[in-house]
Structure formats: C-alpha cells, structure tokens
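structure.txt, holding compact mmCIF, C-alpha atoms:
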```txt
# COMPACT_ATOMS: atom_id res chain seq x y z
CA MET D 1 0.00 0.00 0.00
CA SER D 2 1.53 3.32 -1.06
CA SER D 3 1.78 6.18 1.39
CA ARG D 4 0.98 9.79 0.61
CA ASP D 5 2.56 12.91 2.06
CA ASP D 6 -0.32 15.10 3.19
CA SER D 7 1.88 17.75 4.84
CA PRO D 8 0.76 21.25 3.86
CA SER D 9 2.89 23.28 1.48
CA ILE D 10 2.77 26.61 -0.28
CA SER D 11 3.95 27.60 -3.72
CA PHE D 12 5.12 30.91 -5.08
CA THR D 13 7.22 32.31 -7.90
CA MET D 14 10.95 32.93 -7.55
CA ASN D 15 12.91 34.29 -10.48
CA GLY D 16 10.18 33.25 -12.88
CA ARG D 17 9.72 29.67 -11.70
CA THR D 18 7.46 28.01 -9.19
CA VAL D 19 8.99 26.90 -5.90
CA VAL D 20 7.40 24.97 -3.05
CA ALA D 21 7.97 25.52 0.66
CA ALA D 22 6.58 24.45 4.01
CA PRO D 23 4.44 27.08 5.75
CA GLY D 24 6.59 29.34 7.89
CA SER D 25 9.68 28.90 5.73
CA THR D 26 11.75 31.96 4.97
CA ILE D 27 12.49 33.14 1.47
CA LEU D 28 16.17 32.35 2.07
CA SER D 29 15.63 28.75 3.15
CA THR D 30 13.27 28.20 0.22
CA ALA D 31 15.78 29.69 -2.21
CA ARG D 32 18.59 27.50 -0.92
CA ALA D 33 16.43 24.41 -1.15
CA ALA D 34 15.64 25.35 -4.75
CA GLY D 35 19.29 25.93 -5.62
CA VAL D 36 19.01 29.72 -5.79
CA GLU D 37 21.95 31.54 -4.21
CA ILE D 38 21.25 34.61 -2.08
CA PRO D 39 24.33 36.21 -0.45
CA THR D 40 24.47 36.50 3.34
CA LEU D 41 26.91 37.77 5.97
CA CYS D 42 25.10 37.95 9.31
CA TYR D 43 23.06 34.77 8.69
CA HIS D 44 24.27 31.46 10.11
CA PRO D 45 22.20 28.26 9.74
CA ASN D 46 22.68 27.28 13.41
CA LEU D 47 21.75 30.68 14.85
CA THR D 48 18.58 32.76 15.02
CA ALA D 49 18.23 34.86 11.86
CA ASN D 50 18.22 38.56 12.66
CA GLY D 51 18.26 40.41 9.33
CA LEU D 52 20.99 42.83 10.40
CA CYS D 53 23.36 43.10 7.44
CA ARG D 54 20.63 43.33 4.78
CA LEU D 55 22.88 41.74 2.15
CA CYS D 56 20.22 39.10 1.52
CA VAL D 57 17.55 41.59 0.40
CA VAL D 58 15.25 40.53 -2.41
CA GLU D 59 12.46 42.26 -4.32
CA VAL D 60 8.92 41.07 -3.65
CA VAL D 61 6.35 42.29 -6.15
CA GLY D 62 3.82 44.55 -4.44
CA MET D 63 6.09 45.48 -1.52
CA ARG D 64 7.62 48.97 -1.47
CA ALA D 65 10.80 48.06 0.42
CA LEU D 66 13.29 45.31 -0.33
CA GLN D 67 12.86 42.36 2.01
CA PRO D 68 15.59 40.59 4.01
CA ALA D 69 15.29 37.01 2.79
CA CYS D 70 16.67 35.48 5.98
CA VAL D 71 13.67 36.63 8.05
CA ALA D 72 10.94 37.30 5.45
CA ILE D 73 8.38 34.51 5.53
CA ALA D 74 7.30 33.01 2.22
CA ALA D 75 3.62 33.44 1.36
CA PRO D 76 1.42 31.68 -1.18
CA GLU D 77 1.49 33.18 -4.67
CA MET D 78 4.08 35.84 -3.83
CA VAL D 79 6.47 36.81 -6.61
CA VAL D 80 10.12 37.10 -5.56
CA ASN D 81 13.07 38.28 -7.64
CA THR D 82 16.52 37.82 -6.16
CA GLU D 83 18.82 39.62 -8.62
CA THR D 84 17.02 42.68 -10.01
CA ASP D 85 18.90 45.91 -10.73
CA ARG D 86 17.44 47.39 -7.54
CA VAL D 87 18.62 44.44 -5.46
CA ILE D 88 22.10 44.51 -6.99
CA ARG D 89 22.45 48.24 -6.33
CA ALA D 90 21.38 47.78 -2.71
CA ARG D 91 23.87 44.95 -2.13
CA ARG D 92 26.64 46.93 -3.79
CA VAL D 93 26.10 49.96 -1.55
CA ILE D 94 25.92 47.79 1.59
CA LEU D 95 29.25 46.20 0.72
CA GLU D 96 30.82 49.57 -0.12
CA LEU D 97 29.73 51.04 3.20
CA LEU D 98 31.01 48.04 5.14
CA ALA D 99 34.35 47.96 3.35
CA SER D 100 34.87 51.70 3.80
CA THR D 101 34.12 51.44 7.53
CA VAL D 102 35.82 48.25 8.73
CA ASP D 103 38.75 46.08 7.71
CA LEU D 104 37.42 43.19 5.60
CA SER D 105 40.84 41.79 4.69
CA GLU D 106 40.12 38.57 6.64
CA ALA D 107 36.50 38.23 5.45
CA PRO D 108 36.60 35.90 2.42
CA GLU D 109 32.84 35.85 1.84
CA ALA D 110 32.59 39.63 1.91
CA LEU D 111 35.57 39.99 -0.43
CA GLU D 112 33.97 37.54 -2.86
CA TYR D 113 30.73 39.50 -2.83
CA ILE D 114 32.58 42.80 -3.32
CA GLU D 115 34.11 41.39 -6.48
CA ARG D 116 30.86 39.82 -7.67
CA TYR D 117 28.82 43.00 -7.29
CA CYS D 118 31.59 45.33 -8.49
CA ALA D 119 31.49 47.26 -5.22
CA ASP D 120 33.80 50.26 -4.98
CA PRO D 121 34.55 51.13 -1.32
CA SER D 122 36.52 54.20 -2.43
CA ARG D 123 33.21 55.92 -3.16
CA PHE D 124 32.87 56.42 0.60
CA ALA D 125 36.53 57.03 1.35
CA GLY D 126 37.16 59.84 3.80
CA GLY D 127 34.26 58.95 6.06
CA LEU D 128 34.40 57.50 9.54
CA ARG D 129 36.39 54.28 9.84
CA ARG D 130 36.40 51.86 12.76
CA THR D 131 39.88 51.88 14.29
CA ILE D 132 39.78 49.94 17.54
CA PRO D 133 43.02 48.50 18.94
CA ALA D 134 42.98 44.70 19.15
CA ILE D 135 42.15 43.39 22.62
CA ASP D 136 44.60 40.68 23.68
CA ASP D 137 43.47 39.89 27.22
CA ASN D 138 43.43 36.10 27.42
CA PRO D 139 45.52 33.11 26.27
CA PHE D 140 42.97 31.78 23.77
CA PHE D 141 41.67 34.39 21.32
CA VAL D 142 42.07 38.02 20.35
CA ARG D 143 39.26 40.50 19.69
CA ASP D 144 40.04 42.79 16.76
CA TYR D 145 36.89 44.88 16.49
CA SER D 146 38.32 47.02 13.69
CA LYS D 147 37.19 44.03 11.59
CA CYS D 148 33.75 43.68 13.22
CA ILE D 149 30.63 44.17 11.07
CA MET D 150 28.38 43.73 14.13
CA CYS D 151 26.57 40.72 12.72
CA TRP D 152 25.54 39.44 16.20
CA ARG D 153 26.82 35.91 15.51
CA CYS D 154 29.25 35.90 18.44
CA ILE D 155 26.68 37.37 20.81
CA GLN D 156 24.05 34.85 19.72
CA VAL D 157 26.27 31.79 19.97
CA CYS D 158 27.45 32.91 23.42
CA ALA D 159 23.87 33.53 24.56
CA GLY D 160 20.71 31.47 24.30
CA ASP D 161 21.27 30.03 20.83
CA VAL D 162 24.11 27.73 21.91
CA GLN D 163 26.32 28.29 24.94
CA ASN D 164 24.08 30.14 27.44
CA THR D 165 27.13 31.90 28.87
CA PHE D 166 26.18 35.50 27.99
CA ALA D 167 29.75 36.79 28.12
CA LEU D 168 29.35 39.05 25.09
CA THR D 169 26.93 41.92 24.60
CA TRP D 170 26.45 45.25 22.80
CA GLY D 171 28.12 48.45 23.98
CA GLY D 172 28.15 52.07 22.83
CA ARG D 173 25.78 53.94 20.55
CA GLY D 174 25.65 54.95 16.92
CA PHE D 175 28.97 54.63 15.13
CA GLU D 176 30.58 53.80 18.47
CA SER D 177 28.39 50.68 18.85
CA ARG D 178 30.51 47.60 19.38
CA VAL D 179 30.56 44.07 20.71
CA THR D 180 31.99 43.98 24.20
CA THR D 181 31.68 42.38 27.63
CA ALA D 182 29.57 43.68 30.51
CA TYR D 183 31.22 46.84 31.85
CA ASP D 184 34.04 46.30 29.32
CA GLN D 185 35.58 43.63 31.53
CA ALA D 186 38.53 41.58 30.35
CA MET D 187 37.42 38.20 29.01
CA THR D 188 39.14 36.52 31.96
CA GLU D 189 36.85 38.48 34.31
CA SER D 190 33.69 37.76 32.33
CA PRO D 191 31.52 34.58 32.38
CA CYS D 192 33.41 33.37 29.27
CA VAL D 193 34.34 29.68 29.39
CA PHE D 194 36.60 29.98 26.30
CA CYS D 195 34.65 27.40 24.33
CA GLY D 196 35.71 29.01 21.04
CA ASN D 197 32.23 29.05 19.52
CA CYS D 198 32.36 32.81 18.99
CA VAL D 199 35.61 32.48 17.04
CA GLY D 200 34.10 29.69 14.96
CA VAL D 201 31.10 31.72 13.78
CA CYS D 202 32.86 35.05 13.19
CA PRO D 203 32.79 35.79 9.42
CA THR D 204 35.41 38.55 9.34
CA GLY D 205 38.34 37.61 11.58
CA ALA D 206 37.29 40.03 14.30
CA LEU D 207 37.62 37.07 16.66
CA VAL D 208 40.68 34.97 15.99
CA GLY D 209 42.64 32.31 17.82
CA LYS D 210 45.65 33.65 19.75
CA VAL D 211 48.16 31.44 17.92
CA GLU D 212 46.83 32.48 14.51
CA TYR D 213 46.81 36.14 15.51
CA ASP D 214 50.41 36.01 16.73
CA MET D 215 51.49 34.31 13.49
CA ARG D 216 49.83 37.04 11.43
CA GLN D 217 51.55 39.72 13.47
CA ARG D 218 54.94 38.12 12.89
CA ASP D 219 54.27 37.91 9.15
CA GLU D 220 53.41 41.60 9.05
CA ASP D 221 56.52 42.67 10.95
```
How does this structure look as structure tokens?
Amino acid sequence: MSSRDDSPSISFTMNGRTVVAAPGSTILSTARAAGVEIPTLCYHPNLTANGLCRLCVVEVVGMRALQPACVAIAAPEMVVNTETDRVIRARRVILELLASTVDLSEAPEALEYIERYCADPSRFAGGLRRTIPAIDDNPFFVRDYSKCIMCWRCIQVCAGDVQNTFALTWGGRGFESRVTTAYDQAMTESPCVFCGNCVGVCPTGALVGKVEYDMRQRDED
C-alpha cells in the first residue's frame, strides 16, 4: 500500500519559476532548497536569523521596500526576484559602506561579494572608519573589532542560541556601537568559558585564535 505525504505546502514564484515551501519557511531557506543563491553575511544556519546586514535583500512584487530574505516569511502566490537591478544596487552599496568602515581583509565571503557586485569602497573614502586596537586579554583568542561588522553571531552563539554563557553583549551607541563584555571587563573576568564558539562563527576575523593572531603579526613585521 503506497503512502501519501499530506503535509501542507505553499507555492510561489521565484525568479520566474514556481517553488514549493513548508508554511513558515523563509524566502532564504526556500531559495537555498531550490538551488538559488542569495548572499548573506550575518546569517548562520545554526543561529537565530536577525536580518541585520541586509545583504540578503530581495524584491517582492507589491512590496515597497526590499525584504531581508533570511527573516521574510514566504507566502502563497508571492512573486520574488533575487537579482534585479534594484537588489544589486542595494547589495553593492551595503558592501561599499562596510568595506569603507571596517577592515574586511580577513572576510573571504565579503571579499567575494565585493568582487561579484563590483562594489567600490573608495566611493565612501574619507568617512568614519572603525579603528579599535585589538584586545589581547586572554591566552585563547584576540578581539580585533576594527574588523567587526556587528553581525551578532558571536553574541548569539554565546547567549541562548548555543552556549548560554552571555559573556558578550552590545556596547556604545551609533557609530561607536561595538561588541563587548559587561562593563568592558577583560574576558578573563567575564563569564566566558573559552569554548571558542564565537571564534568559529565570526565571518570577518574580528575574533581569531591567539596562535593564529600572533602568526599574522609576525608575518606583518
């Protein structure tokens, strides 16, 4: 006797073809299941999507603003386009602003996207740039927040998504916003258990193992 899958599903149009998704699925997860690439920086499959970097924006017909695919929920009969001129321009400007503000030299994904979308960070040269001295306060990893794009990954993995340690948090306001510890404590004085999860999910090298950091410093000298 054959079995039948009666689980509900929705269908909508993405880049001119019909795709199927389970109710509650995001546009990003549906795209990836359908083999459609949408660039991401702040998104990580094992962490709560937060839609911070906006690199994953797509155009949904009938919606005025571009939608962040990592948090936008797919709806029946919606029409989604992932690479329109408007989307490409938005991604290009996001990458240009990031690259003109922070050091992306150790961010391979971002560098790949900069090349793909022909981003020109020099268009915003002369503006504010994040120049924070590296914090080397423990034997295990170094925090170089001049490379930080504030994607939340390290905060999330340290908090309720994985470790439940809550050693990392936000600090400052506006351009001075940064990842830090409570009261700017040294990591050795914080609840950190040095599990290394924050280093593992960092996409830009803002958190790097102490041995690797020391080797890079020697190479630069």
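The gap separating atom CA of Arg92 of chain D from atom CA of Pro121 of chain D is 9.3 Å, in Å to one decimal.
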Residue neighbourhood segment 165-175 of chain D, 7 Å, all atoms listed in the file, exclusion window fewer than 6 positions, as a list in words: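 Returned residues: Ile155, Cys158, Ala159, Thr181, Ala182, Ser190, Pro191 and Cys192 of chain D.
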One decimal, in Å: what's the spacing between atom CA of Arg32 of chain D and atom CA of Arg64 of chain D? 24.1 Å
Given all atoms listed in the file as the counted atoms, nearest of D:Gly160, D:Pro139, D:Gly200, D:Pro108 to Thr188 of chain D: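 Using all atoms listed in the file, Thr188 of chain D sits closest to D:Pro139.
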Could you jot down the atom CA of Ala49 of chain D to atom CA of Ala21 of chain D separation for me, Å, one decimal place?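 Between atom CA of Ala49 of chain D and atom CA of Ala21 of chain D the gap is 17.8 Å.
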Measuring atom to atom with all atoms listed in the file, identify which of D:Val20, D:Ala65, D:Met150, D:Leu98 is nearest to Leu128 of chain D.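 Residue with the minimum atom-to-atom distance to Leu128 of chain D: D:Leu98.
Distance annotation: of D:Val179, D:Ala119, D:Val79, D:Met215, the residue with the minimal separation from Gly62 of chain D is D:Val79; atom set is all atoms listed in the file.
Residue nearest Ile88 of chain D within the list D:Leu52, D:Val19, D:Val57, D:Val36: D:Val57 [criterion: smallest interatomic distance, only C-alpha atoms].
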List as a list in words the protein and nucleic acid residues near Lys147 of chain D, meaning an atom at most 7 Å away when all atoms listed in the file are counted, but skip any in the same chain fewer than 3 places from it.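 Residues meeting the cut-off are Val102, Asp103, Leu104, Asp144, Thr204, Gly205 and Ala206 of chain D.
Residues in contact with Pro68 of chain D at 6 Å, where only C-alpha atoms are counted and same-chain residues fewer than 6 positions away are skipped, are listed as Gly51, Arg54, Cys56 and Val57 of chain D.
For the set D:Ala110, D:Ile135, D:Leu66, D:Leu97, the residue with the smallest atom-to-atom gap to Pro39 of chain D is D:Ala110, counting only C-alpha atoms.
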With all atoms listed in the file as the atoms that count, which of D:Val157, D:Val58, D:Ala75, D:Ile94 lies nearest to Asn197 of chain D?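 For Asn197 of chain D, the nearest of the candidates is D:Val157.
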Contacts of segment 209-212 of chain D at 8 Å or less, counting only C-alpha atoms, minus same-chain residues fewer than 6 places along, as a list in words? Pro139, Phe140, Phe141, Val142 and Val199 of chain D
Keeping C-alpha atoms, export the residues of the selection given above as an mmCIF file, in the coordinates of the input.
```
data_model
loop_
_atom_site.group_PDB
_atom_site.id
_atom_site.type_symbol
_atom_site.label_atom_id
_atom_site.label_comp_id
_atom_site.auth_asym_id
_atom_site.auth_seq_id
_atom_site.Cartn_x
_atom_site.Cartn_y
_atom_site.Cartn_z
ATOM 1 C CA PRO D 139 45.520 33.110 26.270
ATOM 2 C CA PHE D 140 42.970 31.780 23.770
ATOM 3 C CA PHE D 141 41.670 34.390 21.320
ATOM 4 C CA VAL D 142 42.070 38.020 20.350
ATOM 5 C CA VAL D 199 35.610 32.480 17.040
#
```
Counting all atoms listed in the file, what is within 7 Å of Ala72 of chain D, bar same-chain residues fewer than 5 positions away, as a PDB file with C-alpha atoms, in the coordinates of the input?
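Done, and the output landed in around.pdb:
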```
ATOM      1  CA  THR D  26      11.750  31.960   4.970  1.00  0.00           C
ATOM      2  CA  ILE D  27      12.490  33.140   1.470  1.00  0.00           C
ATOM      3  CA  GLN D  67      12.860  42.360   2.010  1.00  0.00           C
TER       4      GLN D  67
END
```
